[in-house]
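The structure appears right after this line, and notes come after that.
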Amino acid sequence: MKLRNLKASFILRKKVTTPTQIKNFIIKDGKFTFTIYHHSPNLVNVTGVKTFEQMHSAKKIIEQKLEQSVMKVRIDNTFFSQKNYRNVDLNKVYKFMQHSETFHVDYNVELFAGMYFHPKKVNYPTILFFRTGSYTMMGGKEMEILNECETFVNELIETFDKLQSMAKSYSNQKHGEIINPIESDSN
């Protein structure tokens, strides 16, 4: 899973005085855009950040430009994605996810090829999950929760991969057991 985009806020020690005729005070520096709103002069929103290392660079840039220290860095939003080339049975995933305490699942293949995992818990990301095992996570703010979600999605891929299920069924048949992976999804 790779971080694709990050939105953060830098909380400053002192208020930034901006011209009153300007609604938003914007500073552009390379890839980064810093925005200070009149209603929050102690807060700098930063966009254009693609890695956590870039976030630290952006922090140093704004501290130099405003000649003051950032007291706190707050992650407002993240966007992670992972491209896979598997063959996941989304109907089985949907059935399995009906009992999830963490996510509400929305899946209508006629409207959208992917499956939405909407969080039931605070600070959890929304996950888009596709038949190929590819997925995106949007909105998570805490790395521990994001790592937990990544592990969970990878377990779904391993559990509901059609090729893995077929290989397991074939292996069991060779050893005298006949198990139909379609019927054994409750295990």
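Each chain of the structure tokens is named A, B, ... in the order shown, its residues numbered from 1; ligands are numbered from 1 in display order.
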> Which residues come within 10 Å of A:Lys59, counting only C-alpha atoms, excluding same-chain residues fewer than 2 positions away, as a list in words?
Replying inline: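 Here the qualifying residues turn out to be Ala8, Ser9, Phe10, Val44, Val46, Glu53, Gln54, Met55, His56, Ser57, Ile61, Ile62, Glu63, Gln64, Ser69, Val70, Lys72 and Val73 of chain A.
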For those residues, write all heavy atoms to a file as a CSV table (one decimal), in the first residue's frame.
```csv
chain,number,residue,atom,x,y,z
A,8,ALA,N,-2.6,18.1,5.4
A,8,ALA,CA,-2.2,18.3,6.8
A,8,ALA,C,-2.5,19.7,7.2
A,8,ALA,O,-2.6,20.6,6.3
A,8,ALA,CB,-0.8,17.9,7.1
A,9,SER,N,-2.5,20.0,8.5
A,9,SER,CA,-2.6,21.3,9.0
A,9,SER,C,-1.5,21.6,10.0
A,9,SER,O,-1.1,20.7,10.8
A,9,SER,CB,-3.9,21.5,9.8
A,9,SER,OG,-5.0,21.4,8.9
A,10,PHE,N,-0.9,22.7,9.9
A,10,PHE,CA,0.2,23.1,10.8
A,10,PHE,C,-0.4,24.2,11.7
A,10,PHE,O,-0.9,25.2,11.3
A,10,PHE,CB,1.4,23.7,10.0
A,10,PHE,CG,2.0,22.8,9.1
A,10,PHE,CD1,2.6,23.2,7.9
A,10,PHE,CD2,2.1,21.4,9.4
A,10,PHE,CE1,3.2,22.4,7.0
A,10,PHE,CE2,2.8,20.5,8.5
A,10,PHE,CZ,3.3,21.0,7.3
A,44,VAL,N,-2.3,26.7,9.2
A,44,VAL,CA,-1.9,26.6,7.8
A,44,VAL,C,-2.2,25.3,7.3
A,44,VAL,O,-1.8,24.2,7.8
A,44,VAL,CB,-0.3,26.9,7.7
A,44,VAL,CG1,0.1,26.8,6.3
A,44,VAL,CG2,0.1,28.2,8.3
A,46,VAL,N,-1.9,22.6,4.3
A,46,VAL,CA,-0.9,22.3,3.3
A,46,VAL,C,-1.4,21.1,2.5
A,46,VAL,O,-2.0,20.1,3.0
A,46,VAL,CB,0.5,21.9,3.9
A,46,VAL,CG1,0.4,20.7,4.8
A,46,VAL,CG2,1.5,21.7,2.8
A,53,GLU,N,7.8,12.2,4.5
A,53,GLU,CA,9.1,13.0,4.4
A,53,GLU,C,8.8,14.4,3.8
A,53,GLU,O,9.3,15.4,4.3
A,53,GLU,CB,10.1,12.2,3.6
A,53,GLU,CG,10.6,10.9,4.2
A,53,GLU,CD,9.7,9.8,4.1
A,53,GLU,OE1,8.9,9.7,3.1
A,53,GLU,OE2,9.7,8.9,4.9
A,54,GLN,N,7.9,14.4,2.8
A,54,GLN,CA,7.6,15.7,2.2
A,54,GLN,C,6.8,16.6,3.2
A,54,GLN,O,7.0,17.8,3.2
A,54,GLN,CB,6.7,15.5,0.9
A,54,GLN,CG,7.5,15.0,-0.2
A,54,GLN,CD,6.6,14.9,-1.5
A,54,GLN,OE1,5.4,15.2,-1.5
A,54,GLN,NE2,7.2,14.5,-2.6
A,55,MET,N,6.0,16.0,4.1
A,55,MET,CA,5.3,16.7,5.1
A,55,MET,C,6.3,17.4,6.0
A,55,MET,O,6.1,18.6,6.4
A,55,MET,CB,4.4,15.9,5.9
A,55,MET,CG,3.6,16.7,6.9
A,55,MET,SD,2.4,15.7,7.8
A,55,MET,CE,3.4,14.5,8.7
A,56,HIS,N,7.4,16.8,6.4
A,56,HIS,CA,8.4,17.4,7.2
A,56,HIS,C,9.1,18.5,6.5
A,56,HIS,O,9.4,19.5,7.0
A,56,HIS,CB,9.4,16.3,7.7
A,56,HIS,CG,8.8,15.3,8.6
A,56,HIS,ND1,8.2,15.6,9.8
A,56,HIS,CD2,8.6,14.0,8.5
A,56,HIS,CE1,7.7,14.6,10.4
A,56,HIS,NE2,7.9,13.5,9.6
A,57,SER,N,9.4,18.3,5.2
A,57,SER,CA,10.0,19.4,4.3
A,57,SER,C,9.0,20.6,4.3
A,57,SER,O,9.5,21.7,4.4
A,57,SER,CB,10.2,18.9,2.9
A,57,SER,OG,11.2,17.8,2.9
A,61,ILE,N,9.7,24.5,5.4
A,61,ILE,CA,9.5,25.6,4.5
A,61,ILE,C,8.6,26.7,5.1
A,61,ILE,O,8.9,27.9,5.0
A,61,ILE,CB,8.9,25.1,3.1
A,61,ILE,CG1,9.9,24.3,2.4
A,61,ILE,CG2,8.4,26.3,2.3
A,61,ILE,CD1,9.4,23.5,1.2
A,62,ILE,N,7.4,26.3,5.6
A,62,ILE,CA,6.5,27.3,6.2
A,62,ILE,C,7.1,27.9,7.4
A,62,ILE,O,6.8,29.1,7.7
A,62,ILE,CB,5.1,26.7,6.4
A,62,ILE,CG1,4.0,27.8,6.4
A,62,ILE,CG2,5.0,25.8,7.7
A,62,ILE,CD1,3.8,28.5,5.2
A,63,GLU,N,7.9,27.2,8.2
A,63,GLU,CA,8.5,27.8,9.4
A,63,GLU,C,9.5,28.9,8.9
A,63,GLU,O,9.5,30.0,9.5
A,63,GLU,CB,9.2,26.8,10.2
A,63,GLU,CG,8.3,25.9,11.0
A,63,GLU,CD,9.0,24.8,11.8
A,63,GLU,OE1,10.1,24.3,11.3
A,63,GLU,OE2,8.4,24.4,12.8
A,64,GLN,N,10.2,28.7,7.8
A,64,GLN,CA,11.1,29.7,7.3
A,64,GLN,C,10.4,30.8,6.7
A,64,GLN,O,10.8,32.0,7.0
A,64,GLN,CB,12.0,29.0,6.3
A,64,GLN,CG,13.1,28.1,6.8
A,64,GLN,CD,13.8,27.3,5.7
A,64,GLN,OE1,13.5,27.4,4.6
A,64,GLN,NE2,14.9,26.7,6.1
A,69,SER,N,7.7,28.9,14.6
A,69,SER,CA,7.7,27.5,14.7
A,69,SER,C,6.2,26.9,14.6
A,69,SER,O,5.3,27.6,15.0
A,69,SER,CB,8.2,27.1,16.1
A,69,SER,OG,9.5,27.4,16.3
A,70,VAL,N,6.2,25.7,14.0
A,70,VAL,CA,4.9,25.0,14.0
A,70,VAL,C,4.8,24.2,15.3
A,70,VAL,O,5.7,23.5,15.7
A,70,VAL,CB,4.9,24.0,12.8
A,70,VAL,CG1,3.7,23.1,12.9
A,70,VAL,CG2,4.9,24.8,11.5
A,72,LYS,N,2.2,22.1,16.2
A,72,LYS,CA,1.6,20.8,16.1
A,72,LYS,C,1.3,20.6,14.6
A,72,LYS,O,0.9,21.5,13.9
A,72,LYS,CB,0.3,20.7,16.9
A,72,LYS,CG,-0.3,19.4,16.8
A,72,LYS,CD,-1.6,19.4,17.7
A,72,LYS,CE,-2.3,18.1,17.5
A,72,LYS,NZ,-3.6,18.1,18.1
A,73,VAL,N,1.6,19.3,14.2
A,73,VAL,CA,1.2,18.9,12.9
A,73,VAL,C,0.0,18.0,13.0
A,73,VAL,O,0.0,17.0,13.8
A,73,VAL,CB,2.3,18.1,12.2
A,73,VAL,CG1,1.9,17.6,10.8
A,73,VAL,CG2,3.5,19.0,12.0
```
> Hey, what does DSSP flag as helix (DSSP H, G or I) within stretch 31-68 of chain A? Can you give it to me as a ChimeraX atom specification?
Replying inline: /A:52-66
Same residues, all heavy atoms, output as a compact mmCIF listing (two decimals), in the first residue's frame:
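Result file is out.txt:
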```
# COMPACT_ATOMS: atom_id res chain seq x y z
N PHE A 52 5.34 11.22 3.91
CA PHE A 52 5.53 11.80 5.24
C PHE A 52 6.83 12.61 5.29
O PHE A 52 6.91 13.60 6.01
CB PHE A 52 5.51 10.71 6.31
CG PHE A 52 4.12 10.16 6.53
CD1 PHE A 52 3.77 8.92 6.02
CD2 PHE A 52 3.17 10.89 7.23
CE1 PHE A 52 2.48 8.43 6.20
CE2 PHE A 52 1.89 10.40 7.43
CZ PHE A 52 1.55 9.16 6.90
N GLU A 53 7.81 12.20 4.50
CA GLU A 53 9.06 12.97 4.43
C GLU A 53 8.79 14.35 3.83
O GLU A 53 9.33 15.36 4.30
CB GLU A 53 10.11 12.23 3.59
CG GLU A 53 10.63 10.95 4.22
CD GLU A 53 9.66 9.76 4.07
OE1 GLU A 53 8.85 9.74 3.12
OE2 GLU A 53 9.71 8.87 4.93
N GLN A 54 7.95 14.41 2.80
CA GLN A 54 7.58 15.70 2.21
C GLN A 54 6.83 16.57 3.21
O GLN A 54 6.97 17.79 3.19
CB GLN A 54 6.74 15.49 0.95
CG GLN A 54 7.51 15.02 -0.25
CD GLN A 54 6.63 14.92 -1.49
OE1 GLN A 54 5.42 15.22 -1.47
NE2 GLN A 54 7.23 14.50 -2.59
N MET A 55 6.04 15.96 4.07
CA MET A 55 5.32 16.74 5.09
C MET A 55 6.32 17.44 6.01
O MET A 55 6.14 18.60 6.36
CB MET A 55 4.39 15.85 5.90
CG MET A 55 3.56 16.65 6.91
SD MET A 55 2.37 15.68 7.81
CE MET A 55 3.42 14.55 8.70
N HIS A 56 7.40 16.75 6.37
CA HIS A 56 8.42 17.37 7.22
C HIS A 56 9.14 18.50 6.47
O HIS A 56 9.43 19.54 7.05
CB HIS A 56 9.41 16.32 7.72
CG HIS A 56 8.78 15.30 8.63
ND1 HIS A 56 8.22 15.64 9.84
CD2 HIS A 56 8.60 13.97 8.48
CE1 HIS A 56 7.72 14.56 10.40
NE2 HIS A 56 7.93 13.53 9.59
N SER A 57 9.35 18.31 5.17
CA SER A 57 9.95 19.37 4.34
C SER A 57 9.03 20.58 4.27
O SER A 57 9.47 21.72 4.38
CB SER A 57 10.24 18.87 2.93
OG SER A 57 11.17 17.84 2.94
N ALA A 58 7.74 20.32 4.07
CA ALA A 58 6.76 21.40 4.00
C ALA A 58 6.71 22.17 5.32
O ALA A 58 6.60 23.40 5.33
CB ALA A 58 5.38 20.84 3.66
N LYS A 59 6.83 21.46 6.41
CA LYS A 59 6.84 22.11 7.73
C LYS A 59 8.03 23.06 7.84
O LYS A 59 7.89 24.21 8.27
CB LYS A 59 6.90 21.05 8.83
CG LYS A 59 6.96 21.60 10.23
CD LYS A 59 7.05 20.48 11.25
CE LYS A 59 7.31 21.07 12.62
NZ LYS A 59 8.40 20.47 13.32
N LYS A 60 9.21 22.62 7.43
CA LYS A 60 10.40 23.48 7.48
C LYS A 60 10.25 24.69 6.58
O LYS A 60 10.62 25.80 6.96
CB LYS A 60 11.64 22.68 7.07
CG LYS A 60 12.06 21.68 8.11
CD LYS A 60 13.28 20.88 7.65
CE LYS A 60 13.62 19.83 8.68
NZ LYS A 60 14.71 18.95 8.23
N ILE A 61 9.66 24.50 5.40
CA ILE A 61 9.46 25.61 4.46
C ILE A 61 8.56 26.68 5.07
O ILE A 61 8.88 27.87 5.04
CB ILE A 61 8.87 25.10 3.12
CG1 ILE A 61 9.94 24.30 2.36
CG2 ILE A 61 8.36 26.27 2.27
CD1 ILE A 61 9.39 23.53 1.17
N ILE A 62 7.42 26.26 5.64
CA ILE A 62 6.48 27.25 6.18
C ILE A 62 7.07 27.93 7.42
O ILE A 62 6.83 29.13 7.65
CB ILE A 62 5.07 26.65 6.43
CG1 ILE A 62 4.01 27.77 6.45
CG2 ILE A 62 5.01 25.84 7.70
CD1 ILE A 62 3.84 28.50 5.15
N GLU A 63 7.85 27.21 8.21
CA GLU A 63 8.49 27.83 9.37
C GLU A 63 9.48 28.91 8.91
O GLU A 63 9.54 29.99 9.52
CB GLU A 63 9.22 26.77 10.21
CG GLU A 63 8.28 25.92 11.02
CD GLU A 63 8.98 24.79 11.78
OE1 GLU A 63 10.05 24.31 11.33
OE2 GLU A 63 8.44 24.37 12.82
N GLN A 64 10.20 28.65 7.85
CA GLN A 64 11.14 29.65 7.32
C GLN A 64 10.40 30.85 6.74
O GLN A 64 10.75 31.99 7.00
CB GLN A 64 12.05 29.02 6.26
CG GLN A 64 13.07 28.07 6.82
CD GLN A 64 13.85 27.34 5.72
OE1 GLN A 64 13.48 27.36 4.56
NE2 GLN A 64 14.94 26.70 6.12
N LYS A 65 9.36 30.59 5.96
CA LYS A 65 8.63 31.68 5.30
C LYS A 65 7.90 32.57 6.30
O LYS A 65 7.84 33.77 6.12
CB LYS A 65 7.66 31.13 4.26
CG LYS A 65 8.37 30.56 3.04
CD LYS A 65 7.41 30.38 1.89
CE LYS A 65 8.11 29.87 0.67
NZ LYS A 65 8.91 30.85 -0.03
N LEU A 66 7.33 31.95 7.34
CA LEU A 66 6.57 32.74 8.32
C LEU A 66 7.42 33.14 9.53
O LEU A 66 6.95 33.86 10.41
CB LEU A 66 5.34 31.94 8.79
CG LEU A 66 4.32 31.61 7.70
CD1 LEU A 66 3.19 30.77 8.28
CD2 LEU A 66 3.79 32.86 7.03
```
>> Can you tell me which residues surround stretch 114-121 of chain A at a distance of at most 6 Å, considering only C-alpha atoms, apart from same-chain residues fewer than 3 positions away, and format the answer as a list in words?
In response: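 Result of the neighbour search: Thr102, Phe103, His104, Val105, Asp106, Tyr107, Tyr124, Thr126, Ile127, Leu128, Phe129 and Phe130 of chain A.
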Those residues with C-alpha atoms, as a PDB file, in the first residue's frame please?
```pdb
ATOM      1  CA  THR A 102     -16.115  -1.971  11.664  1.00  0.00           C
ATOM      2  CA  PHE A 103     -17.523  -1.375   8.168  1.00  0.00           C
ATOM      3  CA  HIS A 104     -20.873  -1.064   6.452  1.00  0.00           C
ATOM      4  CA  VAL A 105     -20.552  -2.503   2.938  1.00  0.00           C
ATOM      5  CA  ASP A 106     -22.144  -1.129  -0.220  1.00  0.00           C
ATOM      6  CA  TYR A 107     -21.913  -3.293  -3.343  1.00  0.00           C
ATOM      7  CA  TYR A 124     -11.324   4.572  10.096  1.00  0.00           C
ATOM      8  CA  THR A 126     -13.430   4.545   3.592  1.00  0.00           C
ATOM      9  CA  ILE A 127     -12.136   1.676   1.470  1.00  0.00           C
ATOM     10  CA  LEU A 128     -12.858   1.026  -2.194  1.00  0.00           C
ATOM     11  CA  PHE A 129     -12.209  -2.646  -2.942  1.00  0.00           C
ATOM     12  CA  PHE A 130     -12.108  -4.191  -6.432  1.00  0.00           C
TER      13      PHE A 130
END
```
I'd like a table as JSON lines: residues in stretch 93-114 of chain A with an atom no more than 12 Å from stretch 156-164 of chain A, each row giving the shortest atom pair and its distance in Å to one decimal, only C-alpha atoms counted, sorted by chain and rising residue number.
```
{"residue": "A:Val93", "atom": "CA", "partner": "A:Phe160", "partner_atom": "CA", "distance": 6.7}
{"residue": "A:Tyr94", "atom": "CA", "partner": "A:Phe160", "partner_atom": "CA", "distance": 10.4}
{"residue": "A:Lys95", "atom": "CA", "partner": "A:Phe160", "partner_atom": "CA", "distance": 11.1}
{"residue": "A:Phe96", "atom": "CA", "partner": "A:Leu156", "partner_atom": "CA", "distance": 9.3}
{"residue": "A:Met97", "atom": "CA", "partner": "A:Leu156", "partner_atom": "CA", "distance": 9.7}
```
> Which residue, A:Ile22, A:Ser134, A:Asn147, A:Glu67, has the smallest gap to A:Asn87 when you use only C-alpha atoms?
Replying inline: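 Of A:Ile22, A:Ser134, A:Asn147, A:Glu67, the one nearest A:Asn87 is A:Ser134, counting only C-alpha atoms.
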